[in-house]
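Here's the structure we're looking at; comments come further down.
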Amino acid sequence: MPSPILTPEVDAALSTGRPVVALESTIISHGLPRPRNHEAALEFEQILRERDVVPATIAVLDGIPRIGLDADGVRRIAEEDLAKASVRDLPVLAALALSGATTVAATARLAALAGIRVFATGGLGGVHRGATTTFDESADLPTLAENPVTVVSAGVKSVLDIAATLERLETLSIPVVGYGTREFPAFWLRESGFQLDWAVEAAAQVAAIMRARDELGARQGIVVANPIPLEQQWDPAEHDRVLAEAFAAAESAGVRGKAVTPFLLGYIVDASGGRSLEVNLDLARNNVRVAAEIARAWSSGA
């Protein structure tokens with residue numbers, strides 16, 4: 001597999017100890033409609049630059065892992081029909097000189113290879129409902145068990161099995177720290193009903209945990225569970241109603257296995273009149289802001 005190519009901006013930042021935050025490309029290529037996705041990609045990068053943090057949007061273009069994208073690269077992930085690439089797909093893309101947008105797992109892996117320690121996403125992947133029979137678990141979890149990247153996310157989507165996801169994170173020895181909360185967030189909602197063992201109030205505390213983890217020689221990443229601000233969360237009653245309708249529709253349509261989650265998410269966007277999409281953007285922006293503060297604290301040694 002070819003070595004990742006870093007943009008001059010990212011390379012210089014890592015060489016001089018400036019703060020850098022990795023951004024995934026799947027949220028742009030597969031998670032948002034066009035042309036809104038291109039606007040969002042530029043906005044996420046701008047949020048970081050406004051805080052004197054270097055953005056490193058990650059993707060595989062023409063078989064080469066790219067750590068940071070130029071304007072044409074950002075355009076490509078927004079406009080081209082790219083494969084959705086997890087860690088297992090990286091060697092295939094490389095060997096066949098194909099392009100792919102990186103998932104949380106693939107982004108975390110490539111970020112770790114490049115030496116980037118902080119990563120902002122929307123929601124973490126997890127254990128899917130019914131996984132006891134389908135064995136459907138996101139590659140995000142085992143990948144974070146092996147790559148020392150701190151991932152800022154708004155928890156996991158409520159269509160997943162949150163309890164099982166937290167159990168798997170515990171089994172894999174991946175620390176989960178609430179950012180200003182002791183309750184694990186549920187993506188569109190601030191609260192999932194599941195309590196966390198640990199919480200922090202400031203980015204410097206996350207950076208301190210990262211340093212302590214390094215001193216212990218641990219290889220696991222860290223999940224920073226960052227809830228969406230209260231005024232921006234989806235109305236819980238509407239969320240519950242639409243979610244129930246989505247599960248009923250999937251059952252009625254006979255959707256099974258790995259097709260269930262894409263079906264549910266598509267149904268939820270349509271049934272909510274786009275409201276879920278707007279919340280998705282709000283929480284992603286919030287995660288990027290928090291990741292910027294963590295990266296600054298990590299870079300400064302605070």
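Here's how to read the names in the structure tokens: chain A, B, ... by the order shown, residue numbers from 1 in each chain, ligand numbers from 1 in the order shown.
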Residues near region 112-126 of chain A, anyone? I mean within 6 Å using only C-alpha atoms, not counting same-chain ones fewer than 5 positions away, as a short mmCIF file (atom, residue, chain, number, x, y, z; two decimals) with N, CA, C and O atoms, in the first residue's frame.
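Saved as result_30.cif:
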```
data_model
loop_
_atom_site.label_atom_id
_atom_site.label_comp_id
_atom_site.auth_asym_id
_atom_site.auth_seq_id
_atom_site.Cartn_x
_atom_site.Cartn_y
_atom_site.Cartn_z
N VAL A 21 -6.39 18.47 13.29
CA VAL A 21 -7.56 17.63 13.53
C VAL A 21 -7.91 16.90 12.24
O VAL A 21 -8.04 17.51 11.18
N ALA A 22 -8.06 15.59 12.34
CA ALA A 22 -8.49 14.78 11.19
C ALA A 22 -10.01 14.87 11.03
O ALA A 22 -10.75 14.96 12.01
N LEU A 23 -10.44 14.85 9.78
CA LEU A 23 -11.86 14.86 9.43
C LEU A 23 -12.12 13.71 8.46
O LEU A 23 -11.33 13.49 7.54
N GLU A 137 -21.38 -5.49 13.62
CA GLU A 137 -20.72 -4.53 14.50
C GLU A 137 -19.79 -3.67 13.66
O GLU A 137 -19.05 -4.19 12.81
N SER A 138 -19.81 -2.37 13.88
CA SER A 138 -18.97 -1.47 13.10
C SER A 138 -17.49 -1.75 13.32
O SER A 138 -17.04 -2.03 14.44
N ASP A 140 -15.44 0.44 13.38
CA ASP A 140 -14.92 1.56 14.17
C ASP A 140 -14.39 1.09 15.52
O ASP A 140 -13.37 1.58 16.00
N VAL A 149 -5.96 7.31 18.65
CA VAL A 149 -6.56 8.55 18.17
C VAL A 149 -7.74 8.89 19.08
O VAL A 149 -8.54 8.02 19.43
N THR A 150 -7.83 10.15 19.46
CA THR A 150 -8.95 10.61 20.27
C THR A 150 -10.06 11.08 19.34
O THR A 150 -9.87 12.00 18.55
N VAL A 151 -11.21 10.42 19.42
CA VAL A 151 -12.33 10.68 18.51
C VAL A 151 -13.42 11.44 19.26
O VAL A 151 -13.94 10.95 20.27
N VAL A 152 -13.76 12.62 18.75
CA VAL A 152 -14.85 13.40 19.32
C VAL A 152 -16.11 13.10 18.52
O VAL A 152 -16.16 13.32 17.31
N SER A 153 -17.13 12.56 19.19
CA SER A 153 -18.37 12.20 18.51
C SER A 153 -19.55 12.50 19.43
O SER A 153 -19.40 12.61 20.64
N ALA A 154 -20.73 12.60 18.81
CA ALA A 154 -21.96 12.80 19.58
C ALA A 154 -22.56 11.45 19.95
O ALA A 154 -23.75 11.21 19.76
N GLY A 155 -21.72 10.56 20.46
CA GLY A 155 -22.18 9.21 20.81
C GLY A 155 -22.40 8.39 19.56
O GLY A 155 -21.63 8.46 18.60
N VAL A 156 -23.46 7.57 19.57
CA VAL A 156 -23.83 6.77 18.41
C VAL A 156 -25.31 7.01 18.11
O VAL A 156 -26.08 7.43 18.97
N THR A 165 -23.07 -1.40 22.48
CA THR A 165 -21.91 -0.63 22.02
C THR A 165 -21.02 -0.23 23.18
O THR A 165 -19.79 -0.36 23.12
N ALA A 284 -22.18 17.90 14.17
CA ALA A 284 -20.86 17.76 13.56
C ALA A 284 -20.04 19.03 13.76
O ALA A 284 -18.84 18.96 14.09
N ASN A 287 -18.81 19.10 17.29
CA ASN A 287 -17.71 18.17 17.51
C ASN A 287 -16.40 18.72 16.96
O ASN A 287 -15.34 18.54 17.55
N VAL A 288 -16.46 19.39 15.80
CA VAL A 288 -15.26 19.98 15.22
C VAL A 288 -14.70 21.06 16.14
O VAL A 288 -13.49 21.15 16.35
N ALA A 291 -13.07 19.33 19.12
CA ALA A 291 -11.83 18.69 18.69
C ALA A 291 -10.72 19.73 18.51
O ALA A 291 -9.55 19.46 18.82
#
```
Applying 10 Å and only C-alpha atoms, which residues near region 93-106 of chain A remain after dropping the ones on its own chain fewer than 3 positions away? List them as a CSV table (one decimal) with all heavy atoms, in the first residue's frame.
```csv
chain,number,residue,atom,x,y,z
A,1,MET,N,0.8,-1.2,0.0
A,1,MET,CA,0.0,0.0,0.0
A,1,MET,C,0.9,1.2,0.0
A,1,MET,O,1.8,1.3,0.8
A,1,MET,CB,-0.9,0.0,1.2
A,1,MET,CG,-1.8,1.2,1.3
A,1,MET,SD,-3.0,1.0,2.7
A,1,MET,CE,-3.7,2.7,2.6
A,2,PRO,N,0.6,2.2,-0.9
A,2,PRO,CA,1.4,3.4,-0.9
A,2,PRO,C,1.4,4.2,0.4
A,2,PRO,O,0.3,4.1,1.1
A,2,PRO,CB,0.8,4.3,-2.0
A,2,PRO,CG,-0.1,3.3,-2.8
A,2,PRO,CD,-0.5,2.3,-1.8
A,3,SER,N,2.4,4.8,0.8
A,3,SER,CA,2.5,5.7,2.0
A,3,SER,C,1.5,6.8,1.8
A,3,SER,O,1.4,7.4,0.7
A,3,SER,CB,3.9,6.2,2.2
A,3,SER,OG,4.8,5.1,2.5
A,23,LEU,N,-10.4,14.8,9.8
A,23,LEU,CA,-11.9,14.9,9.4
A,23,LEU,C,-12.1,13.7,8.5
A,23,LEU,O,-11.3,13.5,7.5
A,23,LEU,CB,-12.3,16.2,8.8
A,23,LEU,CG,-12.1,17.5,9.6
A,23,LEU,CD1,-12.3,18.7,8.7
A,23,LEU,CD2,-13.0,17.5,10.8
A,24,GLU,N,-13.2,13.0,8.7
A,24,GLU,CA,-13.5,11.9,7.7
A,24,GLU,C,-14.2,12.4,6.5
A,24,GLU,O,-14.7,13.6,6.4
A,24,GLU,CB,-14.5,10.9,8.4
A,24,GLU,CG,-15.8,11.5,8.8
A,24,GLU,CD,-16.9,10.5,9.0
A,24,GLU,OE1,-17.1,9.6,8.0
A,24,GLU,OE2,-17.5,10.4,10.0
A,25,SER,N,-14.2,11.6,5.4
A,25,SER,CA,-14.8,12.0,4.2
A,25,SER,C,-16.1,11.4,3.9
A,25,SER,O,-16.9,11.8,3.0
A,25,SER,CB,-13.8,11.8,3.0
A,25,SER,OG,-13.2,10.5,3.1
A,26,THR,N,-16.4,10.3,4.6
A,26,THR,CA,-17.7,9.6,4.3
A,26,THR,C,-18.9,10.5,4.7
A,26,THR,O,-19.9,10.4,4.0
A,26,THR,CB,-17.8,8.3,5.1
A,26,THR,OG1,-16.8,7.4,4.6
A,26,THR,CG2,-19.1,7.6,5.0
A,27,ILE,N,-18.8,11.3,5.7
A,27,ILE,CA,-19.9,12.2,6.1
A,27,ILE,C,-20.2,13.1,4.9
A,27,ILE,O,-21.3,13.5,4.7
A,27,ILE,CB,-19.6,13.0,7.4
A,27,ILE,CG1,-20.8,13.7,7.8
A,27,ILE,CG2,-18.4,13.9,7.2
A,27,ILE,CD1,-20.7,14.4,9.2
A,28,ILE,N,-19.2,13.5,4.1
A,28,ILE,CA,-19.3,14.4,3.0
A,28,ILE,C,-19.9,13.6,1.8
A,28,ILE,O,-20.9,14.0,1.2
A,28,ILE,CB,-18.0,15.0,2.6
A,28,ILE,CG1,-17.4,15.8,3.8
A,28,ILE,CG2,-18.2,16.0,1.4
A,28,ILE,CD1,-18.4,16.8,4.4
A,29,SER,N,-19.3,12.5,1.5
A,29,SER,CA,-19.7,11.7,0.3
A,29,SER,C,-21.0,10.9,0.4
A,29,SER,O,-21.7,10.8,-0.6
A,29,SER,CB,-18.5,10.8,-0.2
A,29,SER,OG,-18.4,9.8,0.8
A,30,HIS,N,-21.2,10.4,1.6
A,30,HIS,CA,-22.4,9.5,1.8
A,30,HIS,C,-23.4,10.0,2.8
A,30,HIS,O,-24.5,9.5,2.8
A,30,HIS,CB,-21.9,8.2,2.2
A,30,HIS,CG,-21.2,7.4,1.2
A,30,HIS,ND1,-19.9,7.7,0.9
A,30,HIS,CD2,-21.5,6.4,0.3
A,30,HIS,CE1,-19.4,6.9,-0.1
A,30,HIS,NE2,-20.4,6.1,-0.4
A,57,THR,N,-8.6,16.7,6.3
A,57,THR,CA,-9.7,15.8,5.7
A,57,THR,C,-9.0,14.7,5.0
A,57,THR,O,-8.1,14.8,4.2
A,57,THR,CB,-10.6,16.6,4.8
A,57,THR,OG1,-11.1,17.8,5.4
A,57,THR,CG2,-11.7,15.7,4.2
A,58,ILE,N,-9.5,13.4,5.3
A,58,ILE,CA,-8.8,12.2,4.8
A,58,ILE,C,-9.7,11.5,3.8
A,58,ILE,O,-10.9,11.3,4.0
A,58,ILE,CB,-8.4,11.3,6.0
A,58,ILE,CG1,-7.4,12.1,6.9
A,58,ILE,CG2,-7.9,10.0,5.6
A,58,ILE,CD1,-6.9,11.3,8.1
A,59,ALA,N,-9.0,11.0,2.8
A,59,ALA,CA,-9.7,10.2,1.7
A,59,ALA,C,-8.7,9.4,1.0
A,59,ALA,O,-7.4,9.7,1.1
A,59,ALA,CB,-10.5,11.1,0.8
A,60,VAL,N,-9.1,8.5,0.2
A,60,VAL,CA,-8.2,7.8,-0.7
A,60,VAL,C,-8.6,8.2,-2.2
A,60,VAL,O,-9.7,8.0,-2.6
A,60,VAL,CB,-8.3,6.2,-0.6
A,60,VAL,CG1,-7.4,5.5,-1.6
A,60,VAL,CG2,-8.0,5.8,0.8
A,61,LEU,N,-7.7,8.8,-2.9
A,61,LEU,CA,-7.9,9.3,-4.2
A,61,LEU,C,-7.0,8.6,-5.2
A,61,LEU,O,-5.7,8.7,-5.0
A,61,LEU,CB,-7.8,10.8,-4.3
A,61,LEU,CG,-8.7,11.6,-3.4
A,61,LEU,CD1,-8.5,13.1,-3.5
A,61,LEU,CD2,-10.2,11.3,-3.8
A,62,ASP,N,-7.5,7.9,-6.2
A,62,ASP,CA,-6.7,7.2,-7.2
A,62,ASP,C,-5.7,6.2,-6.5
A,62,ASP,O,-4.6,6.1,-6.9
A,62,ASP,CB,-6.0,8.2,-8.1
A,62,ASP,CG,-7.0,9.1,-8.7
A,62,ASP,OD1,-8.1,8.7,-9.2
A,62,ASP,OD2,-6.7,10.4,-8.7
A,63,GLY,N,-6.2,5.5,-5.4
A,63,GLY,CA,-5.4,4.5,-4.8
A,63,GLY,C,-4.4,5.1,-3.7
A,63,GLY,O,-3.7,4.3,-3.1
A,64,ILE,N,-4.3,6.4,-3.6
A,64,ILE,CA,-3.4,7.0,-2.7
A,64,ILE,C,-4.1,7.6,-1.5
A,64,ILE,O,-4.9,8.5,-1.6
A,64,ILE,CB,-2.5,8.0,-3.4
A,64,ILE,CG1,-1.7,7.4,-4.5
A,64,ILE,CG2,-1.5,8.7,-2.4
A,64,ILE,CD1,-1.0,8.4,-5.4
A,65,PRO,N,-3.7,7.2,-0.2
A,65,PRO,CA,-4.3,7.8,1.0
A,65,PRO,C,-3.9,9.3,1.0
A,65,PRO,O,-2.6,9.6,1.0
A,65,PRO,CB,-3.7,7.0,2.1
A,65,PRO,CG,-3.3,5.7,1.5
A,65,PRO,CD,-2.8,6.0,0.1
A,76,ARG,N,-13.8,16.6,-5.1
A,76,ARG,CA,-14.0,15.3,-5.6
A,76,ARG,C,-14.8,14.4,-4.6
A,76,ARG,O,-15.7,13.7,-5.0
A,76,ARG,CB,-12.6,14.6,-5.8
A,76,ARG,CG,-11.9,15.1,-7.1
A,76,ARG,CD,-10.7,14.3,-7.4
A,76,ARG,NE,-11.0,12.9,-7.7
A,76,ARG,CZ,-10.1,12.0,-7.9
A,76,ARG,NH1,-8.8,12.3,-7.8
A,76,ARG,NH2,-10.4,10.7,-8.2
A,77,ILE,N,-14.5,14.6,-3.3
A,77,ILE,CA,-15.3,13.8,-2.3
A,77,ILE,C,-16.7,14.2,-2.2
A,77,ILE,O,-17.6,13.4,-1.8
A,77,ILE,CB,-14.6,13.8,-0.9
A,77,ILE,CG1,-14.6,15.2,-0.3
A,77,ILE,CG2,-13.2,13.2,-1.0
A,77,ILE,CD1,-14.2,15.2,1.2
A,78,ALA,N,-17.0,15.5,-2.6
A,78,ALA,CA,-18.4,15.9,-2.6
A,78,ALA,C,-19.1,15.6,-3.9
A,78,ALA,O,-20.4,15.4,-3.8
A,78,ALA,CB,-18.3,17.5,-2.4
A,80,GLU,N,-18.0,13.3,-6.7
A,80,GLU,CA,-17.8,12.0,-7.3
A,80,GLU,C,-18.5,10.9,-6.5
A,80,GLU,O,-18.7,11.0,-5.3
A,80,GLU,CB,-16.3,11.7,-7.5
A,80,GLU,CG,-15.6,12.6,-8.4
A,80,GLU,CD,-14.2,12.2,-8.6
A,80,GLU,OE1,-13.8,11.2,-8.2
A,80,GLU,OE2,-13.4,13.0,-9.3
A,81,ASP,N,-18.9,9.8,-7.2
A,81,ASP,CA,-19.5,8.7,-6.5
A,81,ASP,C,-18.4,7.8,-6.0
A,81,ASP,O,-17.9,6.9,-6.7
A,81,ASP,CB,-20.4,7.9,-7.5
A,81,ASP,CG,-21.6,8.8,-7.9
A,81,ASP,OD1,-22.1,9.5,-7.0
A,81,ASP,OD2,-22.1,8.7,-9.0
A,82,LEU,N,-17.9,8.0,-4.8
A,82,LEU,CA,-16.8,7.3,-4.3
A,82,LEU,C,-17.3,6.0,-3.5
A,82,LEU,O,-18.4,6.1,-2.9
A,82,LEU,CB,-16.0,8.2,-3.3
A,82,LEU,CG,-15.4,9.4,-3.9
A,82,LEU,CD1,-14.5,10.1,-2.9
A,82,LEU,CD2,-14.6,9.1,-5.2
A,83,ALA,N,-16.5,5.0,-3.4
A,83,ALA,CA,-16.7,3.9,-2.5
A,83,ALA,C,-16.7,4.3,-1.1
A,83,ALA,O,-16.0,5.3,-0.7
A,83,ALA,CB,-15.7,2.8,-2.8
A,84,LYS,N,-17.5,3.6,-0.3
A,84,LYS,CA,-17.4,3.9,1.2
A,84,LYS,C,-16.3,2.9,1.7
A,84,LYS,O,-16.5,1.7,1.8
A,84,LYS,CB,-18.8,3.6,1.8
A,84,LYS,CG,-18.9,3.9,3.3
A,84,LYS,CD,-20.3,3.7,3.8
A,84,LYS,CE,-20.4,4.1,5.3
A,84,LYS,NZ,-21.8,3.9,5.8
A,85,ALA,N,-15.2,3.5,2.2
A,85,ALA,CA,-14.0,2.7,2.4
A,85,ALA,C,-13.8,2.6,3.9
A,85,ALA,O,-13.5,3.6,4.6
A,85,ALA,CB,-12.8,3.3,1.8
A,86,SER,N,-13.8,1.3,4.4
A,86,SER,CA,-13.4,1.0,5.8
A,86,SER,C,-11.9,0.5,5.7
A,86,SER,O,-11.3,0.5,4.7
A,86,SER,CB,-14.3,0.0,6.4
A,86,SER,OG,-14.0,-0.1,7.8
A,87,VAL,N,-11.4,0.1,6.9
A,87,VAL,CA,-10.0,-0.3,6.9
A,87,VAL,C,-9.7,-1.5,6.0
A,87,VAL,O,-8.7,-1.5,5.3
A,87,VAL,CB,-9.6,-0.7,8.4
A,87,VAL,CG1,-8.2,-1.3,8.4
A,87,VAL,CG2,-9.7,0.5,9.3
A,88,ARG,N,-10.6,-2.4,5.9
A,88,ARG,CA,-10.4,-3.6,5.1
A,88,ARG,C,-10.3,-3.3,3.6
A,88,ARG,O,-9.8,-4.0,2.8
A,88,ARG,CB,-11.5,-4.7,5.3
A,88,ARG,CG,-12.8,-4.3,4.8
A,88,ARG,CD,-13.8,-5.4,4.9
A,88,ARG,NE,-15.1,-5.1,4.1
A,88,ARG,CZ,-16.0,-6.0,3.9
A,88,ARG,NH1,-15.9,-7.2,4.3
A,88,ARG,NH2,-17.1,-5.6,3.2
A,89,ASP,N,-10.9,-2.1,3.2
A,89,ASP,CA,-11.0,-1.7,1.8
A,89,ASP,C,-9.7,-1.0,1.4
A,89,ASP,O,-9.5,-0.8,0.1
A,89,ASP,CB,-12.2,-0.9,1.6
A,89,ASP,CG,-13.5,-1.5,2.0
A,89,ASP,OD1,-13.7,-2.7,1.5
A,89,ASP,OD2,-14.2,-0.9,2.8
A,90,LEU,N,-8.9,-0.5,2.3
A,90,LEU,CA,-7.8,0.3,1.9
A,90,LEU,C,-6.8,-0.4,1.0
A,90,LEU,O,-6.4,0.2,0.0
A,90,LEU,CB,-7.1,0.8,3.2
A,90,LEU,CG,-7.9,1.8,4.1
A,90,LEU,CD1,-7.1,2.1,5.3
A,90,LEU,CD2,-8.3,3.0,3.3
A,109,ARG,N,-7.5,5.0,11.3
A,109,ARG,CA,-6.2,4.3,11.0
A,109,ARG,C,-5.2,5.1,10.2
A,109,ARG,O,-4.0,5.2,10.5
A,109,ARG,CB,-6.6,3.0,10.1
A,109,ARG,CG,-5.4,2.2,9.7
A,109,ARG,CD,-4.6,1.7,10.8
A,109,ARG,NE,-3.5,0.9,10.4
A,109,ARG,CZ,-2.4,0.8,11.1
A,109,ARG,NH1,-2.2,1.4,12.3
A,109,ARG,NH2,-1.4,0.1,10.7
A,110,LEU,N,-5.7,5.9,9.2
A,110,LEU,CA,-4.8,6.7,8.4
A,110,LEU,C,-4.3,7.9,9.2
A,110,LEU,O,-3.1,8.3,9.1
A,110,LEU,CB,-5.5,7.2,7.1
A,110,LEU,CG,-5.8,6.0,6.1
A,110,LEU,CD1,-6.6,6.6,5.0
A,110,LEU,CD2,-4.5,5.4,5.6
A,111,ALA,N,-5.1,8.4,10.1
A,111,ALA,CA,-4.7,9.5,10.9
A,111,ALA,C,-3.6,9.0,11.9
A,111,ALA,O,-2.6,9.7,12.1
A,111,ALA,CB,-5.9,10.1,11.8
A,112,ALA,N,-3.7,7.9,12.4
A,112,ALA,CA,-2.7,7.3,13.3
A,112,ALA,C,-1.4,7.1,12.6
A,112,ALA,O,-0.3,7.4,13.1
A,112,ALA,CB,-3.2,6.0,14.0
A,119,PHE,N,-9.4,13.6,16.2
A,119,PHE,CA,-10.3,13.3,15.0
A,119,PHE,C,-11.7,13.7,15.4
A,119,PHE,O,-12.2,13.3,16.4
A,119,PHE,CB,-10.1,11.8,14.7
A,119,PHE,CG,-11.1,11.3,13.7
A,119,PHE,CD1,-11.8,12.0,12.8
A,119,PHE,CD2,-11.4,9.9,13.8
A,119,PHE,CE1,-12.7,11.5,11.9
A,119,PHE,CE2,-12.3,9.3,12.9
A,119,PHE,CZ,-13.0,10.1,12.0
A,120,ALA,N,-12.3,14.5,14.6
A,120,ALA,CA,-13.7,14.9,14.8
A,120,ALA,C,-14.6,14.2,13.8
A,120,ALA,O,-14.3,14.2,12.6
A,120,ALA,CB,-13.9,16.4,14.7
A,121,THR,N,-15.7,13.7,14.3
A,121,THR,CA,-16.7,13.0,13.4
A,121,THR,C,-18.1,13.4,13.9
A,121,THR,O,-18.2,14.2,14.8
A,121,THR,CB,-16.5,11.5,13.3
A,121,THR,OG1,-17.4,11.0,12.4
A,121,THR,CG2,-16.8,10.9,14.7
A,122,GLY,N,-19.1,12.8,13.2
A,122,GLY,CA,-20.5,13.1,13.7
A,122,GLY,C,-20.8,12.1,14.8
A,122,GLY,O,-20.9,12.4,16.0
A,123,GLY,N,-21.0,10.8,14.4
A,123,GLY,CA,-21.3,9.8,15.3
A,123,GLY,C,-20.4,8.6,15.1
A,123,GLY,O,-20.0,8.3,14.0
A,124,LEU,N,-20.1,7.9,16.2
A,124,LEU,CA,-19.3,6.7,16.1
A,124,LEU,C,-20.2,5.5,15.7
A,124,LEU,O,-21.3,5.5,16.0
A,124,LEU,CB,-18.7,6.4,17.5
A,124,LEU,CG,-17.7,5.3,17.7
A,124,LEU,CD1,-16.4,5.7,16.9
A,124,LEU,CD2,-17.4,5.1,19.2
A,125,GLY,N,-19.6,4.6,14.9
A,125,GLY,CA,-20.3,3.4,14.6
A,125,GLY,C,-20.3,2.5,15.9
A,125,GLY,O,-19.6,2.7,16.8
A,138,SER,N,-19.8,-2.4,13.9
A,138,SER,CA,-19.0,-1.5,13.1
A,138,SER,C,-17.5,-1.8,13.3
A,138,SER,O,-17.0,-2.0,14.4
A,138,SER,CB,-19.3,0.0,13.5
A,138,SER,OG,-18.3,0.9,12.9
A,139,ALA,N,-16.7,-1.6,12.2
A,139,ALA,CA,-15.3,-1.8,12.3
A,139,ALA,C,-14.6,-0.6,13.1
A,139,ALA,O,-13.5,-0.7,13.5
A,139,ALA,CB,-14.7,-1.8,10.9
A,140,ASP,N,-15.4,0.4,13.4
A,140,ASP,CA,-14.9,1.6,14.2
A,140,ASP,C,-14.4,1.1,15.5
A,140,ASP,O,-13.4,1.6,16.0
A,140,ASP,CB,-16.0,2.6,14.4
A,140,ASP,CG,-16.5,3.3,13.2
A,140,ASP,OD1,-16.0,3.0,12.1
A,140,ASP,OD2,-17.5,4.1,13.3
A,141,LEU,N,-15.1,0.2,16.1
A,141,LEU,CA,-14.8,-0.2,17.5
A,141,LEU,C,-13.4,-1.0,17.6
A,141,LEU,O,-12.5,-0.6,18.3
A,141,LEU,CB,-15.9,-1.1,18.1
A,141,LEU,CG,-17.3,-0.4,18.1
A,141,LEU,CD1,-18.3,-1.2,18.9
A,141,LEU,CD2,-17.2,1.0,18.7
A,142,PRO,N,-13.2,-2.1,16.8
A,142,PRO,CA,-11.9,-2.8,16.9
A,142,PRO,C,-10.8,-1.9,16.4
A,142,PRO,O,-9.6,-2.0,16.8
A,142,PRO,CB,-12.1,-4.0,16.1
A,142,PRO,CG,-13.3,-3.8,15.2
A,142,PRO,CD,-14.2,-2.9,16.0
A,143,THR,N,-11.1,-1.0,15.4
A,143,THR,CA,-10.0,-0.1,14.9
A,143,THR,C,-9.6,0.8,16.0
A,143,THR,O,-8.3,1.1,16.2
A,143,THR,CB,-10.5,0.7,13.7
A,143,THR,OG1,-10.8,-0.3,12.7
A,143,THR,CG2,-9.4,1.6,13.2
A,144,LEU,N,-10.5,1.4,16.8
A,144,LEU,CA,-10.1,2.3,17.9
A,144,LEU,C,-9.4,1.5,19.0
A,144,LEU,O,-8.6,2.2,19.7
A,144,LEU,CB,-11.3,3.0,18.4
A,144,LEU,CG,-11.9,4.1,17.6
A,144,LEU,CD1,-13.1,4.7,18.3
A,144,LEU,CD2,-10.8,5.2,17.4
A,147,ASN,N,-5.6,1.9,17.6
A,147,ASN,CA,-5.0,3.1,17.1
A,147,ASN,C,-5.2,4.3,18.1
A,147,ASN,O,-6.4,4.6,18.4
A,147,ASN,CB,-5.6,3.5,15.7
A,147,ASN,CG,-5.3,2.5,14.7
A,147,ASN,OD1,-4.2,2.5,14.1
A,147,ASN,ND2,-6.1,1.5,14.4
A,151,VAL,N,-11.2,10.4,19.4
A,151,VAL,CA,-12.3,10.7,18.5
A,151,VAL,C,-13.4,11.4,19.3
A,151,VAL,O,-13.9,11.0,20.3
A,151,VAL,CB,-12.9,9.4,17.9
A,151,VAL,CG1,-14.1,9.7,17.0
A,151,VAL,CG2,-11.8,8.6,17.2
```
Requested in this report: Give me every strand (DSSP E) residue in region 8-128 of chain A, going by DSSP on the backbone, as an NGL selection string.
Outcome: :A and (20-23 or 54-61 or 64-67 or 83-85 or 100-102 or 118-120)
Query raised in the report: What's the 9 Å shell around region 270-273 of chain A, counting only C-alpha atoms, without same-chain residues fewer than 2 positions away, as a PyMOL selection string?
Result: chain A and resi 238-239+242+245-246+265-268+275-277
Report task. Apply DSSP to the backbone of this structure and, from region 6-182 of chain A, keep only the residues in alpha helix (DSSP H); write these as a VMD selection string. Result -> chain A and resid 8 to 16 26 to 29 36 to 50 71 to 79 90 to 96 104 to 114 131 to 134 140 to 144 162 to 171
